[in-house]
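A short write-up of the structure that comes next.
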Amino acid sequence: MCEVIVCGAINLDINLFISRFPDVGEEVQVKRLTRIPGGKGANVAVATSRILSKDEVAIFGGLGDDVIGREQIETLAREGVETSALKTVEGVESGQAYITIDERGQNMIHTLFGANLEFTPADIMEESRRLLIENSKIVIVIDPRPDSLLSLARLGDSLGKTVIFDPGVRSTLGLSGLRNVLTSVDYVVLNSVEIENVTGKKDPIEAFEELKSQGLACNLIAKYGADGCVMVGAESGEVFSIAGIDLHSLGLKVVNTVGAGDAFLGVFAAFKSLGFSDYDCLVKANVAGAFKVTQSVTRGSPMKKELEVFMSQIGFENSEIYRGN
């Protein structure tokens, strides 16, 4: 039985490794190029599956009837992800992302969504997909087209599932464009840029208060990469702060930050489905994100055993908890 449903982009990532980002109109040399499977939806599904067991994670989304689409299905299946809910679209290219990565591991992403945008609300309501949702515990909604985003969030909420929303590129819709979605969400997961896009605030507590003032009662998780993460609880207002992990002190190097947020989200959801507390899930998710940035590939999230070993290396002295007002 699938414990977790993930709906979001499935892309081929074309990674361009460069020394530094160019100025407008400037040309820089590409030092290395890789083509690997990516897309936030697929990345999160894989990260979740690596913690859970085979076929406990299902992915919803659209792929083209092309070589990229066929390879994506094969790759996801090898990772133990249930692929029967994917939609193949004729005459439309599978999604592709063009990613530039500098020497510090920082990145810029340009995405062609392609067939990802062909996954519709009607596809979500199709009987076999609805059955998968009914039998799940958690529904993760990331960046499908806006009407599908709203449809899936509402369906998951109406069926009593835990709905986790990571808007990614959809954060540019702002609070007015996402209000209807957020009414059906239990957790909203945002990085620093997305927090400001959605709420107009930079501080996570202020952002939470802005959501609350709009009648939106969801837990807010703020991802800060190397600086850790913060969660503000919807019911209690309790604040969990998890400090960042100093990889340099461990003799490790940041290689590629692409996909770190996806590893974070997938691991958080996996342990949430296993019944762990929010705090424990955040600690594990934070470690998973740190592990991922030491890997060159986009889908560099850890297997469960790798996560356990990495956690034993860093201990829990890197995490702390405090209560907000």
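Identifiers for the structure tokens are assigned positionally: chains receive A, B, ... in sequence, residues are indexed from 1 per chain, and ligands are indexed from 1 in the order shown.
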Give me the residues within 12 Å of Val169 of chain A as a list in words, counting only C-alpha atoms and dropping any in the same chain fewer than 6 places off. Gly8, Ala9, Gly39, Lys40, Ile109, His110, Thr111, Leu112, Phe113, Ile142, Asp143, Pro144, Arg145, Pro146, Leu178, Leu190, Asn191, Val193, Glu194, Ile195, Asn197 and Val198 of chain A
Selection from above, N, CA and C atoms, as a compact mmCIF listing (two decimals), in the first residue's frame, can you write it?
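As written to disk, result34.txt reads:
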```txt
# COMPACT_ATOMS: atom_id res chain seq x y z
N GLY A 8 4.17 16.38 -8.59
CA GLY A 8 5.03 17.50 -8.95
C GLY A 8 5.82 17.20 -10.20
N ALA A 9 6.71 18.11 -10.54
CA ALA A 9 7.44 18.03 -11.80
C ALA A 9 8.38 16.83 -11.87
N GLY A 39 13.59 17.07 -11.35
CA GLY A 39 12.23 17.55 -11.15
C GLY A 39 11.84 17.39 -9.69
N LYS A 40 11.27 18.45 -9.11
CA LYS A 40 11.00 18.43 -7.67
C LYS A 40 10.10 17.27 -7.26
N ILE A 109 18.26 27.93 -11.97
CA ILE A 109 17.49 26.91 -12.68
C ILE A 109 16.51 27.56 -13.65
N HIS A 110 16.47 27.02 -14.88
CA HIS A 110 15.51 27.44 -15.90
C HIS A 110 14.76 26.18 -16.34
N THR A 111 13.43 26.18 -16.20
CA THR A 111 12.65 24.96 -16.40
C THR A 111 11.67 25.06 -17.55
N LEU A 112 11.67 24.03 -18.40
CA LEU A 112 10.62 23.81 -19.39
C LEU A 112 9.70 22.73 -18.82
N PHE A 113 8.48 23.11 -18.41
CA PHE A 113 7.61 22.15 -17.74
C PHE A 113 7.03 21.11 -18.69
N ILE A 142 3.44 19.70 -4.90
CA ILE A 142 4.58 20.59 -5.12
C ILE A 142 4.25 21.61 -6.21
N ASP A 143 4.51 21.28 -7.45
CA ASP A 143 4.38 22.29 -8.49
C ASP A 143 3.64 21.82 -9.75
N PRO A 144 2.51 21.10 -9.62
CA PRO A 144 1.72 20.86 -10.81
C PRO A 144 1.05 22.16 -11.27
N ARG A 145 0.33 22.15 -12.36
CA ARG A 145 -0.38 23.36 -12.79
C ARG A 145 -1.35 23.79 -11.69
N PRO A 146 -1.63 25.09 -11.58
CA PRO A 146 -2.38 25.60 -10.43
C PRO A 146 -3.74 24.94 -10.19
N LEU A 178 -2.52 31.72 -3.86
CA LEU A 178 -2.40 30.43 -3.18
C LEU A 178 -3.35 30.27 -2.00
N LEU A 190 8.71 26.22 2.79
CA LEU A 190 9.19 27.33 1.97
C LEU A 190 10.66 27.62 2.24
N ASN A 191 11.39 28.02 1.20
CA ASN A 191 12.73 28.55 1.45
C ASN A 191 12.63 30.06 1.67
N VAL A 193 13.35 32.71 -0.07
CA VAL A 193 12.76 33.49 -1.16
C VAL A 193 11.26 33.25 -1.24
N GLU A 194 10.86 32.00 -1.10
CA GLU A 194 9.44 31.65 -1.21
C GLU A 194 8.61 32.21 -0.06
N ILE A 195 9.20 32.30 1.13
CA ILE A 195 8.50 32.91 2.26
C ILE A 195 8.11 34.34 1.92
N ASN A 197 7.91 35.63 -1.13
CA ASN A 197 6.97 35.62 -2.25
C ASN A 197 5.53 35.42 -1.77
N VAL A 198 5.36 34.49 -0.83
CA VAL A 198 4.01 34.11 -0.39
C VAL A 198 3.44 35.09 0.63
```
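Close contacts of segment 82-92 of chain A, defined as residues with an atom at most 7 Å away when counting only C-alpha atoms, with chain neighbours fewer than 4 positions off set aside, comprise A:Asp55, A:Val57, A:Ala58, A:Ile59, A:Phe60, A:Gly61, A:Gly62, A:Leu63, A:Gly64, A:Asp65, A:Ile73, A:Ala77, A:Gly114, A:Ala115, A:Phe119, A:Arg129.
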May I ask for the distance between atom CA of Leu16 of chain A and atom CA of Asp102 of chain A, given in Å to one decimal place?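 Distance reported for this atom pair: 8.6 Å.
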Nearest residue to Ile164 of chain A out of A:Arg78, A:Arg50, A:Lys272, A:Arg35, using only C-alpha atoms?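 Between A:Arg78, A:Arg50, A:Lys272, A:Arg35, the residue approaching Ile164 of chain A most closely is A:Lys272.
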Leu307 of chain A environment, 8 Å, only C-alpha atoms, sequence neighbours closer than 4 positions dropped, as a tab-separated table (two decimals) with N, CA and C atoms, in the first residue's frame:
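The result, stored in around10.tsv:
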```
chain	number	residue	atom	x	y	z
A	284	LYS	N	15.85	14.97	11.20
A	284	LYS	CA	16.27	14.02	10.17
A	284	LYS	C	16.27	14.67	8.79
A	287	VAL	N	19.35	16.88	8.41
A	287	VAL	CA	20.54	16.07	8.16
A	287	VAL	C	20.55	15.56	6.72
A	288	ALA	N	19.39	15.15	6.23
A	288	ALA	CA	19.29	14.64	4.86
A	288	ALA	C	19.67	15.72	3.84
A	291	PHE	N	23.42	16.05	3.92
A	291	PHE	CA	24.02	14.90	3.24
A	291	PHE	C	23.98	15.10	1.73
A	302	PRO	N	19.82	10.53	1.00
A	302	PRO	CA	20.37	9.30	1.58
A	302	PRO	C	19.38	8.15	1.65
A	303	MET	N	19.92	6.94	1.57
A	303	MET	CA	19.17	5.76	1.96
A	303	MET	C	19.02	5.81	3.48
A	311	MET	N	23.97	10.71	10.70
A	311	MET	CA	23.49	11.29	11.97
A	311	MET	C	24.41	10.92	13.12
```
Do you have, as a Markdown table, the list of residues of segment 107-193 of chain A lying at most 12 Å from segment 226-236 of chain A, each with its nearest atom pair and that distance in Å to one decimal, counting only C-alpha atoms and ordered by chain then number?
```
| residue | atom | partner | partner_atom | distance |
| --- | --- | --- | --- | --- |
| A:Val185 | CA | A:Ala234 | CA | 10.9 |
| A:Asp186 | CA | A:Ala234 | CA | 8.4 |
| A:Tyr187 | CA | A:Ala234 | CA | 8.7 |
| A:Val188 | CA | A:Met231 | CA | 9.7 |
| A:Val189 | CA | A:Met231 | CA | 9.0 |
| A:Leu190 | CA | A:Cys229 | CA | 9.9 |
| A:Asn191 | CA | A:Cys229 | CA | 9.0 |
| A:Ser192 | CA | A:Cys229 | CA | 10.1 |
```
May I have the residues within 12 Å of Cys2 of chain A as a ChimeraX atom specification, using only C-alpha atoms and disregarding those fewer than 4 positions away in the same chain? /A:6,45,48-49,52-59,80-85,129,131-139,270,273
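Here atom CA of Asn107 of chain A is placed at a distance of 6.7 Å from atom CA of Val258 of chain A.
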Residues of segment 20-237 of chain A classed as alpha helix (DSSP H) by DSSP on the backbone are to be reported as a ChimeraX atom specification. /A:40-51,67-78,121-125,127-134,146-158,174-182,192-199,204-213
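Considering the residues A:Gly168, A:Ile10, A:Lys223, A:Leu33 and counting only C-alpha atoms, Leu117 of chain A has its shortest atom-to-atom contact with A:Ile10.
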re atom CA of Ile245 of chain A and atom CA of Glu196 of chain A: distance 24.1 Å
Pick from A:Ser19, A:Gly251, A:Ser184, A:Ala47: nearest to Asn219 of chain A, with only C-alpha atoms counted? A:Ser184
Taking only segment 26-74 of chain A into account, list the residues labelled strand (DSSP E or B) by DSSP (computed from the backbone), as a compact mmCIF listing (two decimals) with C-alpha atoms, in the first residue's frame.
```
# COMPACT_ATOMS: atom_id res chain seq x y z
CA VAL A 30 31.12 25.34 -19.13
CA LYS A 31 33.59 23.05 -17.36
CA ARG A 32 31.39 19.96 -17.25
CA LEU A 33 27.89 18.91 -18.35
CA THR A 34 25.68 16.13 -17.00
CA ARG A 35 22.19 14.92 -17.92
CA ILE A 36 20.40 13.24 -15.03
CA PRO A 37 16.80 12.65 -13.87
CA GLY A 38 15.32 15.43 -11.75
CA VAL A 57 5.43 6.01 -2.49
CA ALA A 58 3.40 6.81 -5.60
CA ILE A 59 4.07 9.68 -8.00
CA PHE A 60 1.45 11.65 -9.92
CA GLY A 61 2.43 13.69 -12.97
CA GLY A 62 2.79 13.97 -16.72
CA LEU A 63 5.51 12.73 -19.07
CA GLY A 64 5.95 12.97 -22.82
```
